[in-house]
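Shown next, in structure tokens, is the structure this report addresses.
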Amino acid sequence: MSAIKKNVSLSLVICAYLLFNLRFTPESLAVTVKSTLVQILMTAPFVVGLTILVVSFMQRSTGARLPWDRIVRIYCTLGIIIGFFYALNEYWLRAQ
């Protein structure tokens, strides 16, 4: 039961990551997919870099390797935060 709960919560975190990086455009689905992929690819280097820093700090402080699902959760959490602030910036610039 614990494995199912972990997999469901990991899936929900990944869905939240995709939702926060979704760039909906009412014109068409293709434009929405393209804009979302551009958003993910633009923020991915920053998220990967921060994930490496956080994971290395956590591994150094605990002395043990983190499991892969924990690393994915950290990546998605940082991606949600960065995607949120990037979207705020993008919408702020559009409003001006």
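Labeling convention for the structure tokens: chains A, B, ... as they appear, residues from 1 per chain, ligands from 1 in order of appearance.
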
(request) Please give the complete set of residues from chain A that DSSP, run on the backbone, assigns to helix (DSSP H, G or I), formatted as a ChimeraX atom specification. (result) /A:2-20,29-62,68-95

(request) Excluding A:Val54 and any residue of its chain fewer than 6 positions from it, enumerate the residues within 10 Å of it, using only C-alpha atoms, and give them as a list in words. (result)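 The neighbour list is Val48, Arg60, Ile71, Ile74, Tyr75 and Leu78 of chain A.
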
Grab the residues selected above and save them as a PDB file, in the first residue's frame with N, CA and C atoms.
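Contents of the output file out-v3.pdb:
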```
ATOM      1  N   VAL A  48      17.345  22.233 -13.184  1.00  0.00           N
ATOM      2  CA  VAL A  48      18.334  21.161 -13.050  1.00  0.00           C
ATOM      3  C   VAL A  48      19.499  21.619 -12.178  1.00  0.00           C
ATOM      4  N   ARG A  60      25.143  15.461   1.247  1.00  0.00           N
ATOM      5  CA  ARG A  60      26.309  15.747   2.080  1.00  0.00           C
ATOM      6  C   ARG A  60      25.916  15.854   3.554  1.00  0.00           C
ATOM      7  N   ILE A  71      14.488  12.726  -5.674  1.00  0.00           N
ATOM      8  CA  ILE A  71      15.136  13.690  -6.559  1.00  0.00           C
ATOM      9  C   ILE A  71      14.128  14.253  -7.566  1.00  0.00           C
ATOM     10  N   ILE A  74      11.991  16.777  -5.795  1.00  0.00           N
ATOM     11  CA  ILE A  74      12.715  18.042  -5.616  1.00  0.00           C
ATOM     12  C   ILE A  74      12.735  18.813  -6.928  1.00  0.00           C
ATOM     13  N   TYR A  75      13.010  18.120  -8.041  1.00  0.00           N
ATOM     14  CA  TYR A  75      13.025  18.769  -9.353  1.00  0.00           C
ATOM     15  C   TYR A  75      11.659  19.388  -9.657  1.00  0.00           C
ATOM     16  N   LEU A  78      10.922  22.492  -7.383  1.00  0.00           N
ATOM     17  CA  LEU A  78      11.647  23.668  -7.848  1.00  0.00           C
ATOM     18  C   LEU A  78      11.105  24.151  -9.188  1.00  0.00           C
TER      19      LEU A  78
END
```

(message) Using Å and a single decimal, report how far atom CA of A:Leu50 sits from atom CA of A:Ile82.
(response)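 A separation of 10.3 Å between them.
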
(message) Residues near A:Thr51, anyone? I mean within 10 Å using only C-alpha atoms, not counting same-chain ones fewer than 4 positions away, as a PyMOL selection string.
(response) chain A and resi 45-47+55-57+71-79

Write to file, as a PDB file, in the first residue's frame, the residues of the selection just made, with N, CA and C atoms.
```
ATOM      1  N   PRO A  45      17.136  24.316 -17.494  1.00  0.00           N
ATOM      2  CA  PRO A  45      18.521  24.442 -17.013  1.00  0.00           C
ATOM      3  C   PRO A  45      18.618  25.007 -15.603  1.00  0.00           C
ATOM      4  N   PHE A  46      17.772  25.983 -15.285  1.00  0.00           N
ATOM      5  CA  PHE A  46      17.785  26.554 -13.939  1.00  0.00           C
ATOM      6  C   PHE A  46      17.307  25.541 -12.908  1.00  0.00           C
ATOM      7  N   VAL A  47      16.262  24.810 -13.262  1.00  0.00           N
ATOM      8  CA  VAL A  47      15.709  23.824 -12.337  1.00  0.00           C
ATOM      9  C   VAL A  47      16.699  22.677 -12.123  1.00  0.00           C
ATOM     10  N   VAL A  55      20.198  18.640  -3.984  1.00  0.00           N
ATOM     11  CA  VAL A  55      20.440  17.217  -3.754  1.00  0.00           C
ATOM     12  C   VAL A  55      21.838  16.986  -3.198  1.00  0.00           C
ATOM     13  N   SER A  56      22.825  17.676  -3.739  1.00  0.00           N
ATOM     14  CA  SER A  56      24.181  17.489  -3.215  1.00  0.00           C
ATOM     15  C   SER A  56      24.292  17.973  -1.782  1.00  0.00           C
ATOM     16  N   PHE A  57      23.612  19.084  -1.444  1.00  0.00           N
ATOM     17  CA  PHE A  57      23.605  19.567  -0.067  1.00  0.00           C
ATOM     18  C   PHE A  57      22.933  18.552   0.860  1.00  0.00           C
ATOM     19  N   ILE A  71      14.488  12.726  -5.674  1.00  0.00           N
ATOM     20  CA  ILE A  71      15.136  13.690  -6.559  1.00  0.00           C
ATOM     21  C   ILE A  71      14.128  14.253  -7.566  1.00  0.00           C
ATOM     22  N   VAL A  72      13.250  13.391  -8.079  1.00  0.00           N
ATOM     23  CA  VAL A  72      12.217  13.850  -9.016  1.00  0.00           C
ATOM     24  C   VAL A  72      11.258  14.806  -8.314  1.00  0.00           C
ATOM     25  N   ARG A  73      10.924  14.521  -7.074  1.00  0.00           N
ATOM     26  CA  ARG A  73      10.054  15.423  -6.316  1.00  0.00           C
ATOM     27  C   ARG A  73      10.704  16.789  -6.108  1.00  0.00           C
ATOM     28  N   ILE A  74      11.991  16.777  -5.795  1.00  0.00           N
ATOM     29  CA  ILE A  74      12.715  18.042  -5.616  1.00  0.00           C
ATOM     30  C   ILE A  74      12.735  18.813  -6.928  1.00  0.00           C
ATOM     31  N   TYR A  75      13.010  18.120  -8.041  1.00  0.00           N
ATOM     32  CA  TYR A  75      13.025  18.769  -9.353  1.00  0.00           C
ATOM     33  C   TYR A  75      11.659  19.388  -9.657  1.00  0.00           C
ATOM     34  N   CYS A  76      10.596  18.632  -9.444  1.00  0.00           N
ATOM     35  CA  CYS A  76       9.258  19.136  -9.758  1.00  0.00           C
ATOM     36  C   CYS A  76       8.875  20.299  -8.849  1.00  0.00           C
ATOM     37  N   THR A  77       9.242  20.223  -7.572  1.00  0.00           N
ATOM     38  CA  THR A  77       8.926  21.313  -6.651  1.00  0.00           C
ATOM     39  C   THR A  77       9.636  22.595  -7.065  1.00  0.00           C
ATOM     40  N   LEU A  78      10.922  22.492  -7.383  1.00  0.00           N
ATOM     41  CA  LEU A  78      11.647  23.668  -7.848  1.00  0.00           C
ATOM     42  C   LEU A  78      11.105  24.151  -9.188  1.00  0.00           C
ATOM     43  N   GLY A  79      10.693  23.222 -10.048  1.00  0.00           N
ATOM     44  CA  GLY A  79      10.094  23.591 -11.327  1.00  0.00           C
ATOM     45  C   GLY A  79       8.771  24.310 -11.173  1.00  0.00           C
TER      46      GLY A  79
END
```

(message) Please determine, counting only C-alpha atoms, which residue among A:Leu93, A:Ile80, A:Leu88, A:Leu29 has the shortest atom-to-atom distance to A:Thr43.
(response) A:Ile80

(request) Would you mind listing what lies within 8 Å of A:Arg23 as a list in words, with only C-alpha atoms counted and same-chain residues fewer than 2 positions away left out? (result)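 Skipping anything fewer than 2 positions along the chain leaves Asn21, Thr25, Thr32, Val33, Ser35, Thr36 and Gln39 of chain A.
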
Residue selection dump (C-alpha atoms) as an mmCIF file, in the first residue's frame:
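After the write, out_32.cif holds the following:
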```
data_model
loop_
_atom_site.group_PDB
_atom_site.id
_atom_site.type_symbol
_atom_site.label_atom_id
_atom_site.label_comp_id
_atom_site.auth_asym_id
_atom_site.auth_seq_id
_atom_site.Cartn_x
_atom_site.Cartn_y
_atom_site.Cartn_z
ATOM 1 C CA ASN A 21 4.288 25.294 -16.687
ATOM 2 C CA THR A 25 -3.432 29.946 -25.649
ATOM 3 C CA THR A 32 -0.491 25.658 -26.398
ATOM 4 C CA VAL A 33 1.762 22.597 -26.672
ATOM 5 C CA SER A 35 4.353 27.384 -25.750
ATOM 6 C CA THR A 36 4.392 24.856 -22.908
ATOM 7 C CA GLN A 39 8.441 27.228 -21.200
#
```

(request) Determine the nearest neighbour of A:Leu18 from the options A:Phe84, A:Tyr91, A:Trp68, A:Met58, counting only C-alpha atoms. (result) A:Phe84

(message) Would you compute the distance between atom CA of A:Tyr86 and atom CA of A:Val8? Give it in Å to one decimal.
(response) 27.1 Å

Polymer residues at most 12 Å from A:Asn7, only C-alpha atoms, same-chain spacing of 4 or more positions, as a short mmCIF file (atom, residue, chain, number, x, y, z; two decimals) with C-alpha atoms, in the first residue's frame:
```
data_model
loop_
_atom_site.label_atom_id
_atom_site.label_comp_id
_atom_site.auth_asym_id
_atom_site.auth_seq_id
_atom_site.Cartn_x
_atom_site.Cartn_y
_atom_site.Cartn_z
CA MET A 1 0.00 0.00 0.00
CA SER A 2 2.86 2.36 0.73
CA ALA A 3 4.29 1.91 -2.77
CA SER A 11 2.21 11.41 -10.20
CA LEU A 12 0.31 14.30 -8.62
CA VAL A 13 3.52 16.29 -8.17
CA ILE A 14 4.44 15.71 -11.82
CA ASP A 69 11.76 9.50 -6.57
CA ARG A 70 12.89 12.03 -3.96
CA VAL A 72 12.22 13.85 -9.02
CA ARG A 73 10.05 15.42 -6.32
#
```

(request) Report the distance between atom CA of A:Leu22 and atom CA of A:Ile40 in Å, rounded to one decimal place. (result)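 Computing it gives 8.6 Å between the two atoms.
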